[in-house]
Every structure is written in structure tokens, then in C-alpha cells.
Amino acid sequence: MTFSSLTFLYFFVIVTVLMAVTKLSFIKKAYSEEKLASYRKMVLVVANYIFYGWWDVRFCFLMLFLTYISYICSLGLEKNRKLYLSIGVIIPLLVLGIFKYFNFFTDSFAAVFGIKNMMSLKIILPVGISFYTFQSMSYTLDVSRGRLPAERSFIDVAMYISFFPQLVAGPIVKAEDFLPQLKENRNVSWNGLHNGVQIFAFGMFKKLVIADNLSVFVDHVFANPNMYSGFSLVLGVISYSIQIYCDFSGYSDMATGAAKCLGYDLKQNFNLPYLSKNISEFWKRWHISLSEWLMEYLYIPLGGNRKGKARTYINLMITMVLGGLWHGAAWTFVVWGVLHGAALCLQKLFSTAVGHGKNYKGTVAGNIVSAVFTYAFVCFCWIFFRADSFGTAYEVIKGIFTWQSGTLHIYSYSIFAIITVAICSVSAMIKSKKYGNVTVQGYYPNFNLTTVRGLTVFFVFCGIIAALAYTGSNPFIYFQF
Amino acid sequence: MKNVAKKLFKIVLSGVVAAAVLNVICLVYYNPPKAISQLDKYTNFKYEDNKFWSSMKEGFGYGKIDGSGYNNPETVGNPDIVVIGSSHTEALQVAGDENYSAKLERLLKEDTSADNNFTVKNLGISGTDAYHCIKNIGYIPQSFDNLRYIIVEIHGIPASAESLSKAIPDDKGSGELNRGIIYRIAQKFPYIRLLNIKISEAGGQEIAGAAPLKNDDKEYDDRYAEVIDSVMKKIYSSAEACGAKPVIMYHSPISVTRSGDIKRKDNGPYFEAFKKACSDNGVEFINVSDSFVEHYKNTYEFPYGFSNTVPGEGHLNKVGHGLIAECIYRVIGSEGGVK
């Protein structure tokens, strides 16, 4: 069940009610706070597995297995750090490798060496596997580094790895951010519902109204690149950049909103990435949880920037290539990662050469030009990310750079999306300046739902979502990862 | 208790105001005409007459339903030409005076070289595909006489001998539209109608599809020639009964392949049998697909699709309506066979 389905709505209402009943006075009198907290955790863990099992009940066994491995290994670190750390990292990687990458590597191997009828497995890719395997590994690694103690409660570990709002498409939650919340006896509250429902609705608007409607045009452009004019291809690529942003950040918003309704806080995963002035800033604003994970558990352990310039660039390239591969088992994703890695290396080289430190601000005109170029580069990379093959990517790029003749199609939802994103960005810039923020920070435009005006505006907003939502089938883009 | 009542009152008041705002927005965004079923008529339903309509879900259409319940810029009591067809002819995706029947009338009237001061009445209604056109054409002589032409719009050749044979007897209409109280309430509020459409689409139901019958690739049924001949005889006799010449206006769906070539669906044994039956029974057959392809090659413009859909898919757009009007005009206007 996806967040935008009626099934999820019924499911979420039931879970919320089951959590909220512990606030009733006669229930509170009958049971201790500790018992009620345990009950709430059990409700959530069961709900998490029902949510995941709705796709395929077999996936639950896989997730339970990984949860058990994380639990056992984190406890076993006290006895034999090296052994249990190895198991705690290798097994999730193995699981990810088999389910996601086995066929990709065997097919690539066979293609290179001209081997026919090479063995391939008919494996279903479990939804969200890339996310919860990373969470499972990060928990074991954090315990091994002493960032947090090994969790004695299996239920808490299960809750952390399987928490349904962020289970299938992130954000990738760190154990040190989430496990302490489980000790605080959190529950459904009016304040949480007040903000959570609005954040959820905001995410739905991004996903159903903007992303899904854009997908109609984007899918057609990438399926028929030779049909469109150069201008339409550019509009198609820009539309994809907005589609993937709204799809993914929309899901993250819905995850954040759902978690808030249940009393839990998830960290921001996107922060107006297309306002970035360089590629390094882009990765601090785009899929923040993944870039932080890659930096902490891959880039820094490889040596980061502590082993000389050449090694820094190599570490950056490895991190970005693996980051690209994480998104999908295809060479187009690898190329996407290579391009971003190369851009990061070039930016580092340039910053060092001209003496721009971390706190360099630049002029307004310079920053605008930098942001435009960064956005253009990111869009160019998205061509590889979206294309189903290098052939398609080549056709799109060739069509743009030769400004080919073809059907000129100015898709109205693209214009609507560009205007909406522009207005939201400008609004965020004004608000950030007002509050004296050093960098532009995104925010949720929540209303005061205790007033008639706020409630009316919110109802109209929800009504517009229902009216403009795309009603064809469009799963979240990041579900495939 | 007082607090709860106060909160409930706020929620209800906010809901009512929000509903009013949404309905006002929908008056512009999506306010299609309300359908009224009818029996023993050339279309199974018509629309509430003299009502403004708008539709921005596909295309950007707006206009007014005429006094007889059809999408015409003005009410025409005794037309010279009637056009029947599906949602392509109904044309709720373009402005009321931009559909091909209105354009055809303007082309004929602007041509002062011949006596072409004809009025054209659009009887297009969503869902009136080839099958329903054939089934209902027998009722046209009961409502109209002294017609010059009856133009039947066909999108995709109907290729089922069995279903076509059922189209030969006239259709009384089913009166299905007048459903229960919820339907009647929904008809009064454009926002609720929009939600109803959305829910149906989300459930996988194709709403007012513009897709042609998809069965013309199947193996040729030998009965087809005989059945289609009977169909054409019915069309001819219905037209003759009101003094009109029958015209089939055929438009093929066109699409572009990945390599940029045009694909069209007007070949094969069913298409040839259909054309032959038209020719054998004195029914004029106009294939506008050539114009579509020619236009695309010169301008890369598709006759279907809008800026809020993808090009080449869905209903006829302004370009498509213009090309059809010109094609029909070339045949029945001063260059063609005007009586």
C-alpha cells in the first residue's frame, strides 16, 4: 500500500486510534505508563510488518532476518568486535547484493565475455531493501564505534529498522536519532496531529499533483525522444528534475508527517536542493540522509580527505560511483554517479586553486550564475538517471544539443510546476533572510487549524489535491531502490 | 462539552466554506454539461440546454449548450447539415466555436462563390462511437427533413461483424443516466462530479475514452463484408429519408514511432471492406488521415492531444478540428458536390 492510497488511510487511522487509546483516562488508571509504552511499541511493530507484508509477506521474513542479525551482532560486539562487526556488515551487503545486483553483474559479465545462457536468478526485488539494509548496517557500525550502547530490547531494534513511515523509501534514519525517541514514551498528540497531517498533505501535493502529472509528459519524452523538438526535450528534462524532486521529497514529507502524527520525529531529507550554488552544496541539500550515510560509513572510513589530494579524489569517486549504483542495478546509474563524483572533484580542485574556503559567500550575481550552472549540470546528469539505456540518453542529449526539429510541446503542468517551485523557493529565501539564516532553509507552510480561516484554507488545499491528483498508476520513483 | 461543540462548529463551517470555494473553482476548471437520457432519439442522451460548460481536464474547452441540448454556438432549428459522432465530434476539449462542425459552417458561409449558406448542427455526444452512430441514425429523419448532408464521424474502423450486426436495428436508448439520489446530487455540484470522475479513474475505469475500437488487427471475418454492406444500406436509406447525402468522415489515430516515423491505422482488410461498402452504397467516404500526416510532416503538429496531455493522444485538438473542417469543406463545398 502506498501513502497515497485509501488502504493506507484506513490502516493509518486504525494505528493512530490504537496508539491514542492509551491517552484515555480510564486506561491510564488501569495500566502503568511502562506497560502502555510497551503496548504502543508492539502496536507499531505489528503495524510496520503489516505495512511491509502488504507488498509481499515474504519480504517480512527477510526484514526480520536482518533485524535479528543487527540485534545479535550489536550485542555480540562486546565479546568479539571484529567477528560480529564483519557479520553485521557483510550479511546485509550480501542480501542487498543477491537481491539487487546478482543479475546485473552476471549479465554484464556475460555481455563483456560474450557468454550465452549465463545463469540468472528469478528474484523479486523487495521494496525498500536498499533503505533498511543501510539502516541495519549503520546501527551495527554505530554501536561498534561507541556512538550508542547496544540495544537490549529486540522490539526497539525491530521498531527502528521497520518503522513504516520511512521503511520503503527513506529517509535513512540513524539509530542514534531514533532509538532515544523510543525511550521517551512518545504518543499521538494534538500538536503532532496538527503539524503531521499538514506536512503529510504537503507531501501528497508534491507527489500526486506535481510529480505524477509531470510523469505523463516525462515518460512520453523519454520513450520518444526523436519525436520532440530540442526545446521540448529541455522542458522534458527540467520537468523530470522537478518530478524526481517532488516525488522523493514528497514521500519524505509524507513519511515525516506520518511519523509526527504518531509522535516521532524524522530528520529533514531535502532542503531546496536546486538552489545550490555548487555540487557539494547540492549533496548537502539532496537526499541528505543518504549523503550523510555515504560520508560517514564509506567516504570517511576510506580515508576521506585525510590521505592527500589524490586519495581524496579517489575516495570521492568511489563514494559517488557506489552511491549511483545504490540507486539501481544499471550502468546508467553508475555513469550518473561518475558525473557527480567528477563534478565534486573538480569543485574541490577549483575551490583550492582560487582559495574559496568553506565560508566563502560570493556576490549575489555570482551566486545566481553558480546556482544556474549547478542546476543545469544536475539536470544533465538526470538524463542518465532517467534514461532506460545509454541509447535513450544519447538521443535526448543529441536532440538538445543539435536543437532538433520536432513536435513543440509546452506541457502546462511543467509550467505550473516551475512556477510553484519558484514561488516556494522565493518564499523560503525571503523567510530565511527574515530569520537571519546563513543559508536558505526550506519550511513547511503550516496553517493554524484551530481557526476557521486556517481550517478552510487547509480543506481547500486538500480539495485541490483531490481535484488535480493524477489518477493513473505511478509508484514512487524511489520505491525501485 | 461546550468546547467540543465549538470545535465541531468550526470544522463544519470551514468545510462548507471550503466546499463552496472548490465548487466555484470547478465552475471554471471542470463544469461539463449535465447529461439527460432520452429514448427513441439519434443520441442516447443529450445535455441540459442553454447551460454554460467548461472543461480543463483535457484541453481547455468552454462554451454553451444550445437550446436543443447539444454543443453548438447557436441554436439551429432547421439545419442543412447534421454531424453525429463521439466525444471527438462533441468536442468539449476546445472552445464551443472551435470544433469542426462550427468551423465547417464558417468555411461554407465565407465561400461566396457558391450557394453555401448552410447551417451545420453538431449532434456529437460522448460515447456515440461507430456502433451507436449506426444504431441511432434511423431516428434522424424523424427530427430533421430537407437535410443536405448527414456526416457520421468514425474513429477507427469497427471490425466486429457480430456487434455491427446488432447495430442494424434502431436503438431505443436505455434511460440509464437517471440514477439514484447520489447521482442527482452530484450532478448539481461540479466539484463532486469531478471527484466522482477521479475516483472512477483511480479504480481503473476509463472515462469517456477517445480510443477507437481496437479489434481491427484480428483475423478477417468473412461475414464482415455482408454485415458492413447492410450497415451502409441503413445509413444511406436514413439519409435518403430526409433528402440528405450520407458522408462517413473517418479519422485514424496516428502516432510516431521511436525513430520518428508516422504510424496510422487505415489499412488492412476491414478498412478496405468498409471503404468498398461505402462506395457500393453511395456513401461518401472522407479519410482525413492523409491531411493529418501531411500536416504533421510540415509542422510537427498532431491533430490529437493538448498542452495538459501528451501530443498525439486523446481527443481532437484545434489543429485536428481545423483539418477535418477543411477536408469536409473540400468535398462538399464549392470544389466538391454541393447540390
# chains A, B, ... in the order shown; residues from 1 in each chain; ligands from 1

$ select_by_dssp --residues "range 26-181 of chain B" --states "strand (DSSP E)" --output "PyMOL selection string"
chain B and resi 30-31+35-37+45-47+52-55+61-64+81-84+120-122+149-154

$ closest_atom_pairs --of "chain B" --to "chain A" --cutoff "7 Å" --atoms "only C-alpha atoms" --output "Markdown table"
| residue | atom | partner | partner_atom | distance |
| --- | --- | --- | --- | --- |
| B:Lys10 | CA | A:Val452 | CA | 5.7 |
| B:Ser14 | CA | A:Thr456 | CA | 4.5 |
| B:Gly15 | CA | A:Thr456 | CA | 6.5 |
| B:Val17 | CA | A:Thr456 | CA | 6.6 |
| B:Ala18 | CA | A:Val460 | CA | 5.1 |
| B:Leu22 | CA | A:Val460 | CA | 6.5 |
| B:Leu194 | CA | A:Ala467 | CA | 6.8 |
| B:Leu195 | CA | A:Ala467 | CA | 6.5 |
| B:Lys198 | CA | A:Thr471 | CA | 6.5 |
| B:Glu201 | CA | A:Thr471 | CA | 5.9 |
| B:Ala202 | CA | A:Thr471 | CA | 4.8 |
| B:Val256 | CA | A:Met227 | CA | 6.8 |
| B:Arg258 | CA | A:Asn224 | CA | 4.9 |
| B:Ser259 | CA | A:Asn226 | CA | 6.1 |
| B:Gly260 | CA | A:Met227 | CA | 5.3 |
| B:Tyr300 | CA | A:Thr407 | CA | 4.7 |
| B:Glu301 | CA | A:Thr407 | CA | 6.1 |
| B:Ser307 | CA | A:Tyr411 | CA | 4.8 |
| B:Asn308 | CA | A:Ser412 | CA | 5.1 |
| B:Val310 | CA | A:Phe217 | CA | 6.0 |

$ residues_around --residues "His295 in chain B" --least-positions-apart "6" --cutoff "10 Å" --atoms "only C-alpha atoms" --output "list in words"
Ser289, Glu301, Phe302, Pro303, Val319, Gly320 and Leu323 of chain B

$ write_last_selection --atoms "N, CA, C and O atoms" --output "PDB file, in the first residue's frame"
ATOM      1  N   SER B 289      -7.050  11.222 -42.660  1.00  0.00           N
ATOM      2  CA  SER B 289      -5.732  10.826 -42.148  1.00  0.00           C
ATOM      3  C   SER B 289      -4.593  11.371 -43.008  1.00  0.00           C
ATOM      4  O   SER B 289      -3.535  11.729 -42.490  1.00  0.00           O
ATOM      5  N   GLU B 301       2.916  19.154 -35.897  1.00  0.00           N
ATOM      6  CA  GLU B 301       1.750  19.300 -35.009  1.00  0.00           C
ATOM      7  C   GLU B 301       0.846  18.082 -35.150  1.00  0.00           C
ATOM      8  O   GLU B 301       0.535  17.655 -36.262  1.00  0.00           O
ATOM      9  N   PHE B 302       0.392  17.572 -34.017  1.00  0.00           N
ATOM     10  CA  PHE B 302      -0.532  16.445 -34.022  1.00  0.00           C
ATOM     11  C   PHE B 302      -1.969  16.948 -33.992  1.00  0.00           C
ATOM     12  O   PHE B 302      -2.241  17.989 -33.390  1.00  0.00           O
ATOM     13  N   PRO B 303      -2.900  16.189 -34.579  1.00  0.00           N
ATOM     14  CA  PRO B 303      -4.307  16.586 -34.512  1.00  0.00           C
ATOM     15  C   PRO B 303      -4.959  16.190 -33.190  1.00  0.00           C
ATOM     16  O   PRO B 303      -6.100  16.570 -32.927  1.00  0.00           O
ATOM     17  N   VAL B 319      -6.137  21.986 -33.983  1.00  0.00           N
ATOM     18  CA  VAL B 319      -5.498  21.646 -35.274  1.00  0.00           C
ATOM     19  C   VAL B 319      -6.301  20.546 -35.959  1.00  0.00           C
ATOM     20  O   VAL B 319      -6.634  20.645 -37.144  1.00  0.00           O
ATOM     21  N   GLY B 320      -6.632  19.492 -35.216  1.00  0.00           N
ATOM     22  CA  GLY B 320      -7.387  18.377 -35.769  1.00  0.00           C
ATOM     23  C   GLY B 320      -8.752  18.805 -36.266  1.00  0.00           C
ATOM     24  O   GLY B 320      -9.176  18.427 -37.366  1.00  0.00           O
ATOM     25  N   LEU B 323      -8.341  20.778 -39.517  1.00  0.00           N
ATOM     26  CA  LEU B 323      -8.020  19.936 -40.685  1.00  0.00           C
ATOM     27  C   LEU B 323      -9.264  19.173 -41.154  1.00  0.00           C
ATOM     28  O   LEU B 323      -9.503  19.038 -42.359  1.00  0.00           O
TER      29      LEU B 323
END

$ closest_atom_pairs --of "range 170-288 of chain A" --to "range 343-356 of chain A" --cutoff "10 Å" --atoms "only C-alpha atoms" --output "tab-separated table"
residue	atom	partner	partner_atom	distance
A:Asn278	CA	A:Gln347	CA	7.6
A:Ile279	CA	A:Leu344	CA	6.1
A:Ser280	CA	A:Leu344	CA	6.1
A:Glu281	CA	A:Leu344	CA	9.8
A:Trp283	CA	A:Leu344	CA	9.5

$ write_last_selection --atoms "C-alpha atoms" --output "mmCIF file, in the first residue's frame"
data_model
loop_
_atom_site.group_PDB
_atom_site.id
_atom_site.type_symbol
_atom_site.label_atom_id
_atom_site.label_comp_id
_atom_site.auth_asym_id
_atom_site.auth_seq_id
_atom_site.Cartn_x
_atom_site.Cartn_y
_atom_site.Cartn_z
ATOM 1 C CA ASN A 278 27.774 24.159 -6.290
ATOM 2 C CA ILE A 279 27.630 20.395 -6.422
ATOM 3 C CA SER A 280 28.994 19.979 -2.920
ATOM 4 C CA GLU A 281 26.142 22.095 -1.541
ATOM 5 C CA TRP A 283 24.672 16.933 -1.866
#

$ residues_around --residues "Ile69 in chain A" --least-positions-apart "3" --cutoff "10 Å" --atoms "only C-alpha atoms" --output "JSON, numbers by chain"
{"A": [63, 64, 65, 66, 72, 73, 74, 75, 84, 87, 88, 89, 91, 92, 136, 137, 140]}

$ residues_around --residues "range 279-283 of chain B" --least-positions-apart "2" --cutoff "9 Å" --atoms "only C-alpha atoms" --output "ChimeraX atom specification"
/B:229,232-233,235-236,245-248,274-277,285

$ residues_around --residues "range 31-38 of chain B" --least-positions-apart "4" --cutoff "6 Å" --atoms "only C-alpha atoms" --output "ChimeraX atom specification"
/B:27,44-48,53-55,175,177,190

$ atom_distance --atom1 "CA of Thr256 in chain A" --atom2 "CA of Ser153 in chain A"
24.6 Å

$ decode --residues "range 55-67 of chain B" --atoms "all heavy atoms" --output "PDB file, in the first residue's frame"
ATOM      1  N   SER B  55     -14.267  22.809 -19.346  1.00  0.00           N
ATOM      2  CA  SER B  55     -13.552  21.565 -19.066  1.00  0.00           C
ATOM      3  C   SER B  55     -12.073  21.770 -19.321  1.00  0.00           C
ATOM      4  O   SER B  55     -11.654  21.993 -20.458  1.00  0.00           O
ATOM      5  CB  SER B  55     -14.088  20.440 -19.954  1.00  0.00           C
ATOM      6  OG  SER B  55     -13.385  19.249 -19.702  1.00  0.00           O
ATOM      7  N   MET B  56     -11.281  21.733 -18.245  1.00  0.00           N
ATOM      8  CA  MET B  56      -9.835  21.930 -18.390  1.00  0.00           C
ATOM      9  C   MET B  56      -9.053  20.685 -18.004  1.00  0.00           C
ATOM     10  O   MET B  56      -7.843  20.735 -17.820  1.00  0.00           O
ATOM     11  CB  MET B  56      -9.369  23.098 -17.494  1.00  0.00           C
ATOM     12  CG  MET B  56     -10.262  24.315 -17.573  1.00  0.00           C
ATOM     13  SD  MET B  56      -9.781  25.441 -18.859  1.00  0.00           S
ATOM     14  CE  MET B  56     -11.123  26.603 -18.870  1.00  0.00           C
ATOM     15  N   LYS B  57      -9.755  19.544 -17.884  1.00  0.00           N
ATOM     16  CA  LYS B  57      -9.032  18.316 -17.537  1.00  0.00           C
ATOM     17  C   LYS B  57      -8.211  17.833 -18.721  1.00  0.00           C
ATOM     18  O   LYS B  57      -7.107  17.338 -18.585  1.00  0.00           O
ATOM     19  CB  LYS B  57     -10.012  17.213 -17.120  1.00  0.00           C
ATOM     20  CG  LYS B  57     -10.114  17.037 -15.610  1.00  0.00           C
ATOM     21  CD  LYS B  57     -11.068  15.933 -15.263  1.00  0.00           C
ATOM     22  CE  LYS B  57     -10.365  14.612 -15.027  1.00  0.00           C
ATOM     23  NZ  LYS B  57     -10.231  13.715 -16.098  1.00  0.00           N
ATOM     24  N   GLU B  58      -8.840  17.933 -19.884  1.00  0.00           N
ATOM     25  CA  GLU B  58      -8.136  17.587 -21.111  1.00  0.00           C
ATOM     26  C   GLU B  58      -8.425  18.715 -22.080  1.00  0.00           C
ATOM     27  O   GLU B  58      -9.572  18.940 -22.432  1.00  0.00           O
ATOM     28  CB  GLU B  58      -8.635  16.261 -21.690  1.00  0.00           C
ATOM     29  CG  GLU B  58      -7.902  15.851 -22.964  1.00  0.00           C
ATOM     30  CD  GLU B  58      -8.563  14.706 -23.696  1.00  0.00           C
ATOM     31  OE1 GLU B  58      -9.623  14.228 -23.260  1.00  0.00           O
ATOM     32  OE2 GLU B  58      -8.020  14.292 -24.731  1.00  0.00           O
ATOM     33  N   GLY B  59      -7.397  19.429 -22.470  1.00  0.00           N
ATOM     34  CA  GLY B  59      -7.652  20.600 -23.291  1.00  0.00           C
ATOM     35  C   GLY B  59      -8.201  21.739 -22.445  1.00  0.00           C
ATOM     36  O   GLY B  59      -8.255  21.657 -21.222  1.00  0.00           O
ATOM     37  N   PHE B  60      -8.597  22.806 -23.131  1.00  0.00           N
ATOM     38  CA  PHE B  60      -9.160  23.962 -22.427  1.00  0.00           C
ATOM     39  C   PHE B  60     -10.435  24.354 -23.157  1.00  0.00           C
ATOM     40  O   PHE B  60     -10.422  25.222 -24.027  1.00  0.00           O
ATOM     41  CB  PHE B  60      -8.139  25.112 -22.406  1.00  0.00           C
ATOM     42  CG  PHE B  60      -6.891  24.755 -21.648  1.00  0.00           C
ATOM     43  CD1 PHE B  60      -5.780  24.244 -22.312  1.00  0.00           C
ATOM     44  CD2 PHE B  60      -6.847  24.880 -20.270  1.00  0.00           C
ATOM     45  CE1 PHE B  60      -4.634  23.892 -21.615  1.00  0.00           C
ATOM     46  CE2 PHE B  60      -5.701  24.524 -19.564  1.00  0.00           C
ATOM     47  CZ  PHE B  60      -4.598  24.033 -20.242  1.00  0.00           C
ATOM     48  N   GLY B  61     -11.517  23.671 -22.816  1.00  0.00           N
ATOM     49  CA  GLY B  61     -12.767  23.873 -23.530  1.00  0.00           C
ATOM     50  C   GLY B  61     -13.762  24.673 -22.716  1.00  0.00           C
ATOM     51  O   GLY B  61     -13.787  24.606 -21.489  1.00  0.00           O
ATOM     52  N   TYR B  62     -14.580  25.446 -23.393  1.00  0.00           N
ATOM     53  CA  TYR B  62     -15.659  26.189 -22.737  1.00  0.00           C
ATOM     54  C   TYR B  62     -16.682  26.524 -23.819  1.00  0.00           C
ATOM     55  O   TYR B  62     -16.369  26.581 -25.013  1.00  0.00           O
ATOM     56  CB  TYR B  62     -15.139  27.476 -22.086  1.00  0.00           C
ATOM     57  CG  TYR B  62     -14.484  28.435 -23.051  1.00  0.00           C
ATOM     58  CD1 TYR B  62     -15.230  29.417 -23.696  1.00  0.00           C
ATOM     59  CD2 TYR B  62     -13.136  28.316 -23.345  1.00  0.00           C
ATOM     60  CE1 TYR B  62     -14.628  30.270 -24.617  1.00  0.00           C
ATOM     61  CE2 TYR B  62     -12.536  29.164 -24.272  1.00  0.00           C
ATOM     62  CZ  TYR B  62     -13.289  30.134 -24.890  1.00  0.00           C
ATOM     63  OH  TYR B  62     -12.689  30.963 -25.801  1.00  0.00           O
ATOM     64  N   GLY B  63     -17.886  26.750 -23.395  1.00  0.00           N
ATOM     65  CA  GLY B  63     -18.915  27.093 -24.381  1.00  0.00           C
ATOM     66  C   GLY B  63     -20.286  27.058 -23.754  1.00  0.00           C
ATOM     67  O   GLY B  63     -20.426  27.085 -22.523  1.00  0.00           O
ATOM     68  N   LYS B  64     -21.289  26.965 -24.601  1.00  0.00           N
ATOM     69  CA  LYS B  64     -22.667  26.918 -24.126  1.00  0.00           C
ATOM     70  C   LYS B  64     -23.415  25.836 -24.903  1.00  0.00           C
ATOM     71  O   LYS B  64     -23.287  25.727 -26.128  1.00  0.00           O
ATOM     72  CB  LYS B  64     -23.323  28.275 -24.355  1.00  0.00           C
ATOM     73  CG  LYS B  64     -24.558  28.490 -23.532  1.00  0.00           C
ATOM     74  CD  LYS B  64     -25.033  29.927 -23.649  1.00  0.00           C
ATOM     75  CE  LYS B  64     -26.428  30.011 -23.029  1.00  0.00           C
ATOM     76  NZ  LYS B  64     -27.330  30.883 -23.713  1.00  0.00           N
ATOM     77  N   ILE B  65     -24.198  25.072 -24.187  1.00  0.00           N
ATOM     78  CA  ILE B  65     -25.051  24.073 -24.839  1.00  0.00           C
ATOM     79  C   ILE B  65     -26.225  24.815 -25.473  1.00  0.00           C
ATOM     80  O   ILE B  65     -26.790  25.742 -24.864  1.00  0.00           O
ATOM     81  CB  ILE B  65     -25.550  23.029 -23.815  1.00  0.00           C
ATOM     82  CG1 ILE B  65     -24.350  22.294 -23.197  1.00  0.00           C
ATOM     83  CG2 ILE B  65     -26.519  22.037 -24.444  1.00  0.00           C
ATOM     84  CD1 ILE B  65     -23.522  21.489 -24.185  1.00  0.00           C
ATOM     85  N   ASP B  66     -26.594  24.408 -26.683  1.00  0.00           N
ATOM     86  CA  ASP B  66     -27.667  25.130 -27.366  1.00  0.00           C
ATOM     87  C   ASP B  66     -29.046  24.744 -26.810  1.00  0.00           C
ATOM     88  O   ASP B  66     -29.141  23.948 -25.868  1.00  0.00           O
ATOM     89  CB  ASP B  66     -27.593  24.899 -28.887  1.00  0.00           C
ATOM     90  CG  ASP B  66     -27.936  23.465 -29.274  1.00  0.00           C
ATOM     91  OD1 ASP B  66     -28.437  22.690 -28.436  1.00  0.00           O
ATOM     92  OD2 ASP B  66     -27.685  23.096 -30.444  1.00  0.00           O
ATOM     93  N   GLY B  67     -30.075  25.311 -27.379  1.00  0.00           N
ATOM     94  CA  GLY B  67     -31.435  25.112 -26.882  1.00  0.00           C
ATOM     95  C   GLY B  67     -31.960  23.699 -27.052  1.00  0.00           C
ATOM     96  O   GLY B  67     -32.986  23.330 -26.466  1.00  0.00           O
TER      97      GLY B  67
END
